[in-house]
$ cat protein-v5.txt   # compact mmCIF, C-alpha atoms
# COMPACT_ATOMS: atom_id res chain seq x y z
CA MET A 1 3.97 27.20 19.45
CA ALA A 2 2.55 24.05 17.86
CA GLN A 3 3.83 23.12 14.42
CA ILE A 4 1.28 23.37 11.62
CA TYR A 5 1.63 20.95 8.70
CA PHE A 6 0.92 21.42 5.00
CA ASP A 7 -1.31 18.30 5.05
CA ASP A 8 -3.69 19.97 7.50
CA VAL A 9 -4.15 23.29 5.67
CA LYS A 10 -7.13 23.93 3.38
CA ALA A 11 -8.30 26.84 1.26
CA GLY A 12 -10.76 28.98 3.16
CA GLN A 13 -9.07 28.38 6.49
CA ASP A 14 -8.50 31.43 8.70
CA ILE A 15 -5.10 31.86 10.30
CA THR A 16 -4.45 33.18 13.80
CA THR A 17 -5.23 36.89 14.14
CA LEU A 18 -2.57 39.24 15.50
CA VAL A 19 -3.54 42.43 17.32
CA GLN A 20 -0.89 45.08 17.95
CA ASN A 21 -1.56 48.45 19.52
CA CYS A 22 0.51 51.15 17.81
CA ASN A 23 1.18 53.83 20.42
CA SER A 24 3.88 56.50 20.16
CA GLN A 25 6.50 54.26 21.77
CA ARG A 26 5.79 51.52 19.20
CA LEU A 27 6.18 54.03 16.35
CA VAL A 28 9.47 55.31 17.79
CA PHE A 29 10.71 51.71 18.16
CA TRP A 30 9.80 51.26 14.51
CA ALA A 31 11.52 54.47 13.40
CA ALA A 32 14.74 53.23 15.00
CA GLY A 33 14.33 49.62 13.87
CA SER A 34 13.53 50.46 10.27
CA GLY A 35 15.53 53.67 9.82
CA ASP A 36 12.41 55.58 8.69
CA TYR A 37 12.54 58.83 10.64
CA TYR A 38 9.82 60.73 8.76
CA GLN A 39 8.25 63.00 11.40
CA ILE A 40 4.60 62.41 10.44
CA HIS A 41 4.88 59.21 12.49
CA TYR A 42 6.03 60.66 15.82
CA ASP A 43 5.81 64.47 15.77
CA LYS A 44 2.18 65.56 16.19
CA ASP A 45 2.76 69.19 15.19
CA PHE A 46 4.67 68.12 12.11
CA ALA A 47 1.98 65.60 11.13
CA GLN A 48 -0.80 68.18 11.54
CA GLY A 49 1.28 70.69 9.60
CA THR A 50 1.08 68.39 6.57
CA GLY A 51 -2.72 68.25 6.86
CA LEU A 52 -3.03 64.95 8.69
CA PRO A 53 -5.42 64.77 11.66
CA GLU A 54 -2.78 62.95 13.78
CA ARG A 55 0.40 60.92 13.61
CA ILE A 56 -0.06 57.84 11.44
CA VAL A 57 1.28 54.29 11.62
CA HIS A 58 4.10 53.60 9.16
CA GLY A 59 2.96 51.52 6.18
CA ALA A 60 6.06 49.34 6.44
CA LEU A 61 5.27 48.59 10.11
CA LYS A 62 1.92 47.17 8.99
CA HIS A 63 3.80 45.09 6.38
CA ALA A 64 6.12 43.83 9.13
CA LEU A 65 3.18 43.06 11.46
CA LEU A 66 1.60 40.98 8.68
CA GLY A 67 4.96 39.18 8.44
CA ARG A 68 4.89 38.55 12.20
CA MET A 69 1.36 37.14 12.00
CA LEU A 70 2.60 34.69 9.33
CA HIS A 71 5.78 33.81 11.24
CA GLU A 72 3.77 33.04 14.38
CA TRP A 73 1.28 30.88 12.43
CA ILE A 74 3.76 28.73 10.44
CA GLY A 75 5.67 27.35 13.44
CA GLU A 76 9.39 26.67 13.77
CA GLN A 77 9.69 24.65 10.57
CA GLY A 78 7.82 27.04 8.31
CA ARG A 79 9.31 29.78 6.15
CA VAL A 80 7.80 33.11 5.12
CA GLN A 81 8.44 33.43 1.38
CA ARG A 82 6.51 36.46 0.27
CA VAL A 83 4.61 39.27 1.96
CA ALA A 84 2.93 41.88 -0.22
CA CYS A 85 0.48 44.60 0.75
CA SER A 86 -0.93 47.93 -0.38
CA TYR A 87 -1.39 50.88 1.93
CA ARG A 88 -4.97 51.87 1.08
CA GLY A 89 -6.04 53.48 4.31
CA MET A 90 -4.23 55.29 7.10
CA ASP A 91 -4.08 53.91 10.61
CA MET A 92 -3.93 56.49 13.37
CA ILE A 93 -1.61 56.41 16.36
CA ASP A 94 -2.76 54.71 19.62
CA LYS A 95 -5.17 52.37 17.84
CA ASP A 96 -4.99 48.61 17.43
CA VAL A 97 -3.80 47.26 14.08
CA ILE A 98 -5.60 43.95 13.57
CA CYS A 99 -3.82 41.52 11.22
CA LYS A 100 -5.83 38.73 9.60
CA GLY A 101 -5.33 36.10 6.94
CA VAL A 102 -7.15 33.36 5.08
CA VAL A 103 -5.68 30.51 3.02
CA THR A 104 -6.50 30.87 -0.69
CA GLY A 105 -4.68 27.82 -2.06
CA THR A 106 -1.98 25.20 -1.62
CA LYS A 107 0.57 23.88 -4.10
CA SER A 108 3.73 21.77 -4.23
CA GLU A 109 6.51 23.37 -6.28
CA ASN A 110 10.20 22.43 -6.59
CA GLY A 111 9.92 20.12 -3.61
CA GLN A 112 8.34 22.80 -1.43
CA ASN A 113 4.87 22.79 0.07
CA LEU A 114 3.53 26.28 -0.46
CA VAL A 115 0.47 27.97 0.96
CA ASP A 116 -0.97 31.14 -0.62
CA LEU A 117 -2.93 33.53 1.55
CA GLU A 118 -4.95 36.67 1.40
CA ILE A 119 -3.78 38.90 4.23
CA TRP A 120 -4.86 42.30 5.49
CA THR A 121 -4.95 44.69 8.40
CA GLU A 122 -8.13 46.18 9.83
CA ASP A 123 -8.61 49.22 12.01
CA PRO A 124 -10.81 48.96 15.13
CA SER A 125 -13.93 49.89 13.08
CA GLY A 126 -13.35 46.88 10.81
CA GLN A 127 -12.11 48.91 7.82
CA LYS A 128 -9.50 47.00 5.76
CA THR A 129 -6.62 49.46 5.52
CA THR A 130 -3.83 47.22 4.18
CA PRO A 131 -4.90 44.41 1.83
CA GLY A 132 -2.31 42.00 0.50
CA THR A 133 -1.19 38.49 -0.38
CA ALA A 134 1.45 36.15 1.01
CA THR A 135 3.11 32.80 0.42
CA VAL A 136 4.59 30.56 3.12
CA ALA A 137 6.30 27.15 2.98
CA LEU A 138 5.22 24.50 5.47
CA PRO A 139 6.63 21.10 6.43
CA SER A 140 4.74 17.97 5.45
CA ARG A 141 3.81 15.13 7.83
CA SER A 142 5.02 12.47 5.40
CA MET B 1 -8.89 63.04 -26.02
CA THR B 2 -5.83 64.99 -25.01
CA GLN B 3 -4.84 64.83 -21.36
CA ALA B 4 -2.19 66.74 -19.52
CA THR B 5 0.62 64.43 -18.51
CA VAL B 6 3.40 64.95 -16.00
CA ILE B 7 5.42 62.06 -17.43
CA THR B 8 8.10 63.55 -19.65
CA ASP B 9 10.27 61.74 -22.20
CA ASP B 10 13.15 61.97 -19.71
CA MET B 11 11.07 60.19 -17.11
CA ARG B 12 10.00 57.51 -19.56
CA ALA B 13 13.65 56.97 -20.51
CA ALA B 14 14.44 56.25 -16.85
CA ILE B 15 12.19 53.17 -16.79
CA GLY B 16 14.40 50.11 -16.48
CA ARG B 17 17.40 52.14 -15.33
CA GLU B 18 19.32 50.64 -12.42
CA SER B 19 20.69 52.53 -9.44
CA ASP B 20 24.23 52.26 -8.19
CA PRO B 21 24.60 49.39 -5.73
CA VAL B 22 23.95 50.17 -2.06
CA THR B 23 25.45 48.02 0.70
CA TYR B 24 23.21 46.92 3.57
CA GLU B 25 24.56 45.41 6.78
CA VAL B 26 22.48 42.78 8.57
CA ASP B 27 23.85 42.60 12.11
CA ASN B 28 22.72 41.19 15.48
CA THR B 29 21.63 44.53 16.91
CA GLY B 30 19.76 45.49 13.75
CA CYS B 31 17.81 42.22 13.73
CA ARG B 32 16.97 42.51 17.44
CA GLN B 33 15.93 46.13 17.20
CA PHE B 34 13.67 45.45 14.22
CA ALA B 35 12.18 42.36 15.91
CA ARG B 36 11.51 44.33 19.08
CA ALA B 37 9.81 47.09 17.07
CA VAL B 38 7.42 44.55 15.52
CA GLY B 39 6.75 42.86 18.88
CA TYR B 40 8.31 39.46 18.19
CA THR B 41 9.00 37.18 21.16
CA ASP B 42 10.54 34.25 19.18
CA PRO B 43 14.20 34.02 20.37
CA VAL B 44 15.26 33.09 16.82
CA PHE B 45 15.37 36.88 16.21
CA TYR B 46 17.37 37.67 19.38
CA ASP B 47 19.60 34.78 20.48
CA GLU B 48 22.45 33.53 18.29
CA THR B 49 22.88 30.20 20.10
CA TYR B 50 19.16 29.46 19.96
CA ALA B 51 19.02 30.39 16.25
CA SER B 52 21.79 27.86 15.54
CA THR B 53 19.74 25.11 17.25
CA ARG B 54 17.00 25.93 14.73
CA GLY B 55 19.47 25.44 11.86
CA TYR B 56 20.20 29.09 11.09
CA ARG B 57 23.78 30.31 10.69
CA GLY B 58 23.03 33.36 12.82
CA ILE B 59 20.14 35.38 14.24
CA LEU B 60 17.36 35.26 11.64
CA ALA B 61 16.43 38.58 10.03
CA PRO B 62 12.71 39.20 10.69
CA PRO B 63 10.45 39.35 7.61
CA GLY B 64 10.78 42.83 6.12
CA PHE B 65 14.28 43.46 7.51
CA LEU B 66 16.98 43.55 4.88
CA GLY B 67 19.60 45.38 6.90
CA HIS B 68 20.53 49.01 7.28
CA PRO B 69 22.35 50.95 4.56
CA ILE B 70 25.84 52.08 5.46
CA THR B 71 25.48 55.82 6.05
CA ILE B 72 28.47 58.09 5.56
CA PRO B 73 27.47 61.77 5.72
CA SER B 74 30.11 62.87 3.20
CA GLN B 75 28.85 60.29 0.72
CA GLN B 76 25.17 61.08 0.40
CA PRO B 77 23.37 58.27 -1.39
CA ARG B 78 20.95 59.12 -4.15
CA ALA B 79 17.49 59.78 -2.80
CA PRO B 80 15.67 56.45 -2.80
CA GLY B 81 13.11 56.21 -5.56
CA GLY B 82 14.13 59.56 -6.99
CA PHE B 83 16.15 58.31 -9.95
CA GLY B 84 17.21 61.88 -10.62
CA LEU B 85 13.78 62.61 -12.07
CA ASP B 86 12.43 66.13 -12.12
CA ILE B 87 9.12 65.34 -10.41
CA PRO B 88 6.71 68.29 -10.08
CA PHE B 89 5.18 67.02 -6.82
CA LYS B 90 6.56 67.55 -3.33
CA ARG B 91 4.57 65.08 -1.28
CA VAL B 92 5.24 61.36 -1.03
CA LEU B 93 3.08 58.44 0.06
CA ASN B 94 4.17 54.84 0.43
CA GLY B 95 1.74 52.89 -1.75
CA GLY B 96 2.78 49.37 -0.92
CA THR B 97 5.49 46.84 -0.16
CA ASP B 98 6.08 43.38 -1.61
CA VAL B 99 9.06 41.36 -0.37
CA GLU B 100 9.81 37.97 -1.89
CA TYR B 101 12.50 35.77 -0.31
CA PHE B 102 14.63 33.21 -2.12
CA ASP B 103 16.81 32.25 0.82
CA ASP B 104 17.27 33.01 4.53
CA VAL B 105 18.78 36.34 5.52
CA CYS B 106 20.73 36.14 8.79
CA ALA B 107 22.82 38.45 10.95
CA GLY B 108 26.34 38.54 9.55
CA ASP B 109 25.13 38.91 5.98
CA THR B 110 26.13 41.85 3.83
CA LEU B 111 23.60 42.56 1.11
CA THR B 112 24.18 44.50 -2.08
CA ALA B 113 21.04 46.10 -3.44
CA THR B 114 20.32 47.63 -6.81
CA THR B 115 17.04 49.36 -7.48
CA LYS B 116 15.45 49.87 -10.84
CA LEU B 117 12.50 51.96 -11.83
CA ALA B 118 10.12 49.25 -13.03
CA ASP B 119 7.24 51.46 -14.16
CA LEU B 120 5.77 54.94 -14.06
CA SER B 121 2.11 55.76 -14.27
CA GLU B 122 -0.23 58.60 -13.37
CA ARG B 123 -3.68 58.82 -11.94
CA GLU B 124 -6.12 61.45 -10.83
CA GLY B 125 -6.52 61.03 -7.08
CA ARG B 126 -8.70 62.67 -4.46
CA MET B 127 -5.91 65.14 -3.82
CA GLY B 128 -5.17 65.90 -7.47
CA PRO B 129 -2.85 64.31 -10.01
CA MET B 130 -0.57 61.56 -8.75
CA LEU B 131 2.57 60.03 -10.18
CA ILE B 132 3.08 56.40 -9.27
CA LEU B 133 6.61 54.96 -9.28
CA ASN B 134 7.05 51.20 -9.14
CA THR B 135 10.50 50.17 -8.04
CA GLU B 136 12.18 46.81 -7.84
CA THR B 137 15.18 46.24 -5.58
CA THR B 138 17.25 43.08 -5.84
CA TYR B 139 19.30 42.06 -2.79
CA LYS B 140 22.30 39.77 -3.23
CA ASN B 141 24.25 38.35 -0.31
CA GLN B 142 28.02 38.12 0.11
CA ALA B 143 28.00 34.85 -1.90
CA GLY B 144 26.33 36.63 -4.84
CA GLN B 145 23.03 34.79 -4.35
CA THR B 146 19.81 36.73 -4.84
CA VAL B 147 18.13 36.43 -1.45
CA ALA B 148 15.24 38.85 -1.85
CA ILE B 149 13.41 41.08 -4.28
CA ALA B 150 11.49 44.00 -2.82
CA ARG B 151 8.90 45.75 -4.95
CA GLY B 152 7.77 49.16 -3.81
CA THR B 153 5.16 51.68 -4.86
CA ALA B 154 5.84 55.36 -4.23
CA ILE B 155 3.06 57.86 -4.83
CA ARG B 156 4.04 61.46 -5.52
CA TYR B 157 1.31 64.09 -5.48
$ encode --input "protein-v5.txt" --output "structure tokens"
Amino acid sequence: MAQIYFDDVKAGQDITTLVQNCNSQRLVFWAAGSGDYYQIHYDKDFAQGTGLPERIVHGALKHALLGRMLHEWIGEQGRVQRVACSYRGMDMIDKDVICKGVVTGTKSENGQNLVDLEIWTEDPSGQKTTPGTATVALPSRS
Amino acid sequence: MTQATVITDDMRAAIGRESDPVTYEVDNTGCRQFARAVGYTDPVFYDETYASTRGYRGILAPPGFLGHPITIPSQQPRAPGGFGLDIPFKRVLNGGTDVEYFDDVCAGDTLTATTKLADLSEREGRMGPMLILNTETTYKNQAGQTVAIARGTAIRY
């Protein structure tokens, strides 16, 4: 993973997209990893009993996937400082969750080189289901 | 214009109220299990020795992981986000998550979290009236440093 430097980042720049399929095994991994055992995410009958068409991807998993996209973009010397998102649309089980981001601004604050981003997830039809914002710190070349 | 409201004076009085502290353990297995769930391959989330070569004091906690609460069945914690409010809606949706970090969180850390009800609002949604609870949880590590603030939105309808 190549290191990205603050000096080379500009507003408007896209960051590397992350695609993660969210099948039932992924959602069970997440239930165990996060401690969220709500059955609408892994029990089809239960999910349909609450009026949902199918099991749905956990919102917090989408938040964590956005965090992974950022971690994988910033390289070893970067730090994820803030990840915020709203769960506007549901993502159904077995579909890809597509994480994207674009740089909105850069600033130097308290000796840190910070990059602000707009981030979001899309479903396979291109619908933005989880819009948000993030801030990461990057190393400088100088 | 008079509108029906589900926000009672009792509910309004709860705004700003802080929960009892809850202890969260950040351990090696917890970090690895969370990292695996998210699909990470970076060994900084799995391998203690490798993490130390990157300058971390232990396995790095993946973004979004702030440990697991200590669960003791005989000591049921207060329902998260409930704040003892008498809410007339049964169903819950997670509206959003915002985690801001002030320092690294690594395996071996013990975090103490207090949650306060930051705001209450209501809205008419597609599925009827909705009550929106904004919470703010502050996580301090064993040294008393604030390492993260998590802001959550719970939708009751």
$ atom_distance --input "protein-v5.txt" --atom1 "atom CA of B:Cys31" --atom2 "atom CA of A:Asn113"
27.0 Å
$ interface_residues --input "protein-v5.txt" --of "chain A" --to "chain B" --cutoff "7 Å" --atoms "only C-alpha atoms" --output "CSV table (one decimal) with C-alpha atoms, keeping the file's coordinate frame"
chain,number,residue,atom,x,y,z
A,26,ARG,CA,5.8,51.5,19.2
A,29,PHE,CA,10.7,51.7,18.2
A,30,TRP,CA,9.8,51.3,14.5
A,33,GLY,CA,14.3,49.6,13.9
A,34,SER,CA,13.5,50.5,10.3
A,59,GLY,CA,3.0,51.5,6.2
A,63,HIS,CA,3.8,45.1,6.4
A,64,ALA,CA,6.1,43.8,9.1
A,65,LEU,CA,3.2,43.1,11.5
A,67,GLY,CA,5.0,39.2,8.4
A,68,ARG,CA,4.9,38.6,12.2
A,81,GLN,CA,8.4,33.4,1.4
A,82,ARG,CA,6.5,36.5,0.3
A,83,VAL,CA,4.6,39.3,2.0
A,84,ALA,CA,2.9,41.9,-0.2
A,85,CYS,CA,0.5,44.6,0.8
A,86,SER,CA,-0.9,47.9,-0.4
A,87,TYR,CA,-1.4,50.9,1.9
$ atom_distance --input "protein-v5.txt" --atom1 "atom CA of B:Asp27" --atom2 "atom CA of B:Ala143"
16.5 Å
$ atom_distance --input "protein-v5.txt" --atom1 "atom CA of B:Gln145" --atom2 "atom CA of A:Val115"
24.2 Å
$ residues_around --input "protein-v5.txt" --residues "B:Ala118" --least-positions-apart "3" --cutoff "6 Å" --atoms "all atoms listed in the file" --output "list in words"
Ile15, Gly16, Asn134 and Thr135 of chain B
$ axis_aligned_box --input "protein-v5.txt" --around "stretch 55-60 of chain A" --padding-each-side "3 Å" --output "lines of an AutoDock Vina configuration file"
center_x = 3.0
center_y = 55.1
center_z = 9.9
size_x = 12.1
size_y = 17.6
size_z = 13.4
$ residues_near_point --input "protein-v5.txt" --point "(1.6, 23.8, 19.3)" --cutoff "10 Å" --atoms "only C-alpha atoms" --output "PDB file with C-alpha atoms, in the frame of the given file"
ATOM      1  CA  MET A   1       3.970  27.200  19.450  1.00  0.00           C
ATOM      2  CA  ALA A   2       2.550  24.050  17.860  1.00  0.00           C
ATOM      3  CA  GLN A   3       3.830  23.120  14.420  1.00  0.00           C
ATOM      4  CA  ILE A   4       1.280  23.370  11.620  1.00  0.00           C
ATOM      5  CA  TRP A  73       1.280  30.880  12.430  1.00  0.00           C
ATOM      6  CA  GLY A  75       5.670  27.350  13.440  1.00  0.00           C
ATOM      7  CA  GLU A  76       9.390  26.670  13.770  1.00  0.00           C
TER       8      GLU A  76
END
$ closest_residue --input "protein-v5.txt" --among "A:Glu72, A:Asp94, A:Glu109, A:Glu54" --to "A:Ile15" --atoms "only C-alpha atoms"
A:Glu72
$ residues_near_point --input "protein-v5.txt" --point "(-6.7, 31.6, 4.7)" --cutoff "10 Å" --atoms "only C-alpha atoms" --output "short mmCIF file (atom, residue, chain, number, x, y, z; two decimals) with C-alpha atoms, keeping the file's coordinate frame"
data_model
loop_
_atom_site.label_atom_id
_atom_site.label_comp_id
_atom_site.auth_asym_id
_atom_site.auth_seq_id
_atom_site.Cartn_x
_atom_site.Cartn_y
_atom_site.Cartn_z
CA VAL A 9 -4.15 23.29 5.67
CA LYS A 10 -7.13 23.93 3.38
CA ALA A 11 -8.30 26.84 1.26
CA GLY A 12 -10.76 28.98 3.16
CA GLN A 13 -9.07 28.38 6.49
CA ASP A 14 -8.50 31.43 8.70
CA ILE A 15 -5.10 31.86 10.30
CA THR A 16 -4.45 33.18 13.80
CA LYS A 100 -5.83 38.73 9.60
CA GLY A 101 -5.33 36.10 6.94
CA VAL A 102 -7.15 33.36 5.08
CA VAL A 103 -5.68 30.51 3.02
CA THR A 104 -6.50 30.87 -0.69
CA GLY A 105 -4.68 27.82 -2.06
CA VAL A 115 0.47 27.97 0.96
CA ASP A 116 -0.97 31.14 -0.62
CA LEU A 117 -2.93 33.53 1.55
CA GLU A 118 -4.95 36.67 1.40
CA ILE A 119 -3.78 38.90 4.23
#
$ residues_around --input "protein-v5.txt" --residues "B:Gly144" --least-positions-apart "5" --cutoff "10 Å" --atoms "only C-alpha atoms" --output "PyMOL selection string"
chain B and resi 111-112+139
$ build_atoms --input "protein-v5.txt" --residues "stretch 69-95 of chain A" --atoms "N, CA and C atoms" --output "PDB file, in the frame of the given file"
ATOM      1  N   MET A  69       2.525  38.030  11.928  1.00  0.00           N
ATOM      2  CA  MET A  69       1.360  37.140  12.000  1.00  0.00           C
ATOM      3  C   MET A  69       1.666  35.817  11.292  1.00  0.00           C
ATOM      4  N   LEU A  70       2.283  35.905  10.104  1.00  0.00           N
ATOM      5  CA  LEU A  70       2.600  34.690   9.330  1.00  0.00           C
ATOM      6  C   LEU A  70       3.649  33.855  10.059  1.00  0.00           C
ATOM      7  N   HIS A  71       4.705  34.514  10.539  1.00  0.00           N
ATOM      8  CA  HIS A  71       5.780  33.810  11.240  1.00  0.00           C
ATOM      9  C   HIS A  71       5.211  33.042  12.440  1.00  0.00           C
ATOM     10  N   GLU A  72       4.303  33.669  13.172  1.00  0.00           N
ATOM     11  CA  GLU A  72       3.770  33.040  14.380  1.00  0.00           C
ATOM     12  C   GLU A  72       2.774  31.925  14.044  1.00  0.00           C
ATOM     13  N   TRP A  73       2.219  31.941  12.833  1.00  0.00           N
ATOM     14  CA  TRP A  73       1.280  30.880  12.430  1.00  0.00           C
ATOM     15  C   TRP A  73       2.026  29.649  11.899  1.00  0.00           C
ATOM     16  N   ILE A  74       3.119  29.847  11.174  1.00  0.00           N
ATOM     17  CA  ILE A  74       3.760  28.730  10.440  1.00  0.00           C
ATOM     18  C   ILE A  74       4.606  27.820  11.326  1.00  0.00           C
ATOM     19  N   GLY A  75       4.874  28.211  12.559  1.00  0.00           N
ATOM     20  CA  GLY A  75       5.670  27.350  13.440  1.00  0.00           C
ATOM     21  C   GLY A  75       7.141  27.345  13.077  1.00  0.00           C
ATOM     22  N   GLU A  76       7.926  26.627  13.896  1.00  0.00           N
ATOM     23  CA  GLU A  76       9.390  26.670  13.770  1.00  0.00           C
ATOM     24  C   GLU A  76       9.900  26.170  12.424  1.00  0.00           C
ATOM     25  N   GLN A  77       9.169  25.234  11.815  1.00  0.00           N
ATOM     26  CA  GLN A  77       9.690  24.650  10.570  1.00  0.00           C
ATOM     27  C   GLN A  77       9.168  25.339   9.315  1.00  0.00           C
ATOM     28  N   GLY A  78       8.334  26.322   9.474  1.00  0.00           N
ATOM     29  CA  GLY A  78       7.820  27.040   8.310  1.00  0.00           C
ATOM     30  C   GLY A  78       8.754  28.152   7.872  1.00  0.00           C
ATOM     31  N   ARG A  79       8.537  28.648   6.661  1.00  0.00           N
ATOM     32  CA  ARG A  79       9.310  29.780   6.150  1.00  0.00           C
ATOM     33  C   ARG A  79       8.359  30.787   5.507  1.00  0.00           C
ATOM     34  N   VAL A  80       8.552  32.055   5.809  1.00  0.00           N
ATOM     35  CA  VAL A  80       7.800  33.110   5.120  1.00  0.00           C
ATOM     36  C   VAL A  80       8.507  33.369   3.793  1.00  0.00           C
ATOM     37  N   GLN A  81       7.800  33.244   2.690  1.00  0.00           N
ATOM     38  CA  GLN A  81       8.440  33.430   1.380  1.00  0.00           C
ATOM     39  C   GLN A  81       8.082  34.737   0.699  1.00  0.00           C
ATOM     40  N   ARG A  82       6.882  35.205   0.920  1.00  0.00           N
ATOM     41  CA  ARG A  82       6.510  36.460   0.270  1.00  0.00           C
ATOM     42  C   ARG A  82       5.438  37.159   1.098  1.00  0.00           C
ATOM     43  N   VAL A  83       5.606  38.445   1.276  1.00  0.00           N
ATOM     44  CA  VAL A  83       4.610  39.270   1.960  1.00  0.00           C
ATOM     45  C   VAL A  83       4.419  40.528   1.134  1.00  0.00           C
ATOM     46  N   ALA A  84       3.209  40.715   0.618  1.00  0.00           N
ATOM     47  CA  ALA A  84       2.930  41.880  -0.220  1.00  0.00           C
ATOM     48  C   ALA A  84       1.674  42.559   0.291  1.00  0.00           C
ATOM     49  N   CYS A  85       1.701  43.890   0.352  1.00  0.00           N
ATOM     50  CA  CYS A  85       0.480  44.600   0.750  1.00  0.00           C
ATOM     51  C   CYS A  85       0.474  46.008   0.190  1.00  0.00           C
ATOM     52  N   SER A  86      -0.734  46.558   0.093  1.00  0.00           N
ATOM     53  CA  SER A  86      -0.930  47.930  -0.380  1.00  0.00           C
ATOM     54  C   SER A  86      -1.459  48.772   0.770  1.00  0.00           C
ATOM     55  N   TYR A  87      -0.956  49.989   0.864  1.00  0.00           N
ATOM     56  CA  TYR A  87      -1.390  50.880   1.930  1.00  0.00           C
ATOM     57  C   TYR A  87      -2.558  51.715   1.413  1.00  0.00           C
ATOM     58  N   ARG A  88      -3.765  51.229   1.640  1.00  0.00           N
ATOM     59  CA  ARG A  88      -4.970  51.870   1.080  1.00  0.00           C
ATOM     60  C   ARG A  88      -5.565  52.884   2.046  1.00  0.00           C
ATOM     61  N   GLY A  89      -5.445  52.596   3.318  1.00  0.00           N
ATOM     62  CA  GLY A  89      -6.040  53.480   4.310  1.00  0.00           C
ATOM     63  C   GLY A  89      -5.037  53.753   5.417  1.00  0.00           C
ATOM     64  N   MET A  90      -5.166  54.939   6.035  1.00  0.00           N
ATOM     65  CA  MET A  90      -4.230  55.290   7.100  1.00  0.00           C
ATOM     66  C   MET A  90      -4.717  54.719   8.425  1.00  0.00           C
ATOM     67  N   ASP A  91      -3.774  54.316   9.248  1.00  0.00           N
ATOM     68  CA  ASP A  91      -4.080  53.910  10.610  1.00  0.00           C
ATOM     69  C   ASP A  91      -3.505  54.960  11.543  1.00  0.00           C
ATOM     70  N   MET A  92      -4.338  55.410  12.470  1.00  0.00           N
ATOM     71  CA  MET A  92      -3.930  56.490  13.370  1.00  0.00           C
ATOM     72  C   MET A  92      -3.217  55.932  14.597  1.00  0.00           C
ATOM     73  N   ILE A  93      -2.360  56.757  15.160  1.00  0.00           N
ATOM     74  CA  ILE A  93      -1.610  56.410  16.360  1.00  0.00           C
ATOM     75  C   ILE A  93      -2.553  56.019  17.510  1.00  0.00           C
ATOM     76  N   ASP A  94      -2.074  55.162  18.397  1.00  0.00           N
ATOM     77  CA  ASP A  94      -2.760  54.710  19.620  1.00  0.00           C
ATOM     78  C   ASP A  94      -3.885  53.703  19.389  1.00  0.00           C
ATOM     79  N   LYS A  95      -4.105  53.335  18.127  1.00  0.00           N
ATOM     80  CA  LYS A  95      -5.170  52.370  17.840  1.00  0.00           C
ATOM     81  C   LYS A  95      -4.565  50.978  17.629  1.00  0.00           C
TER      82      LYS A  95
END
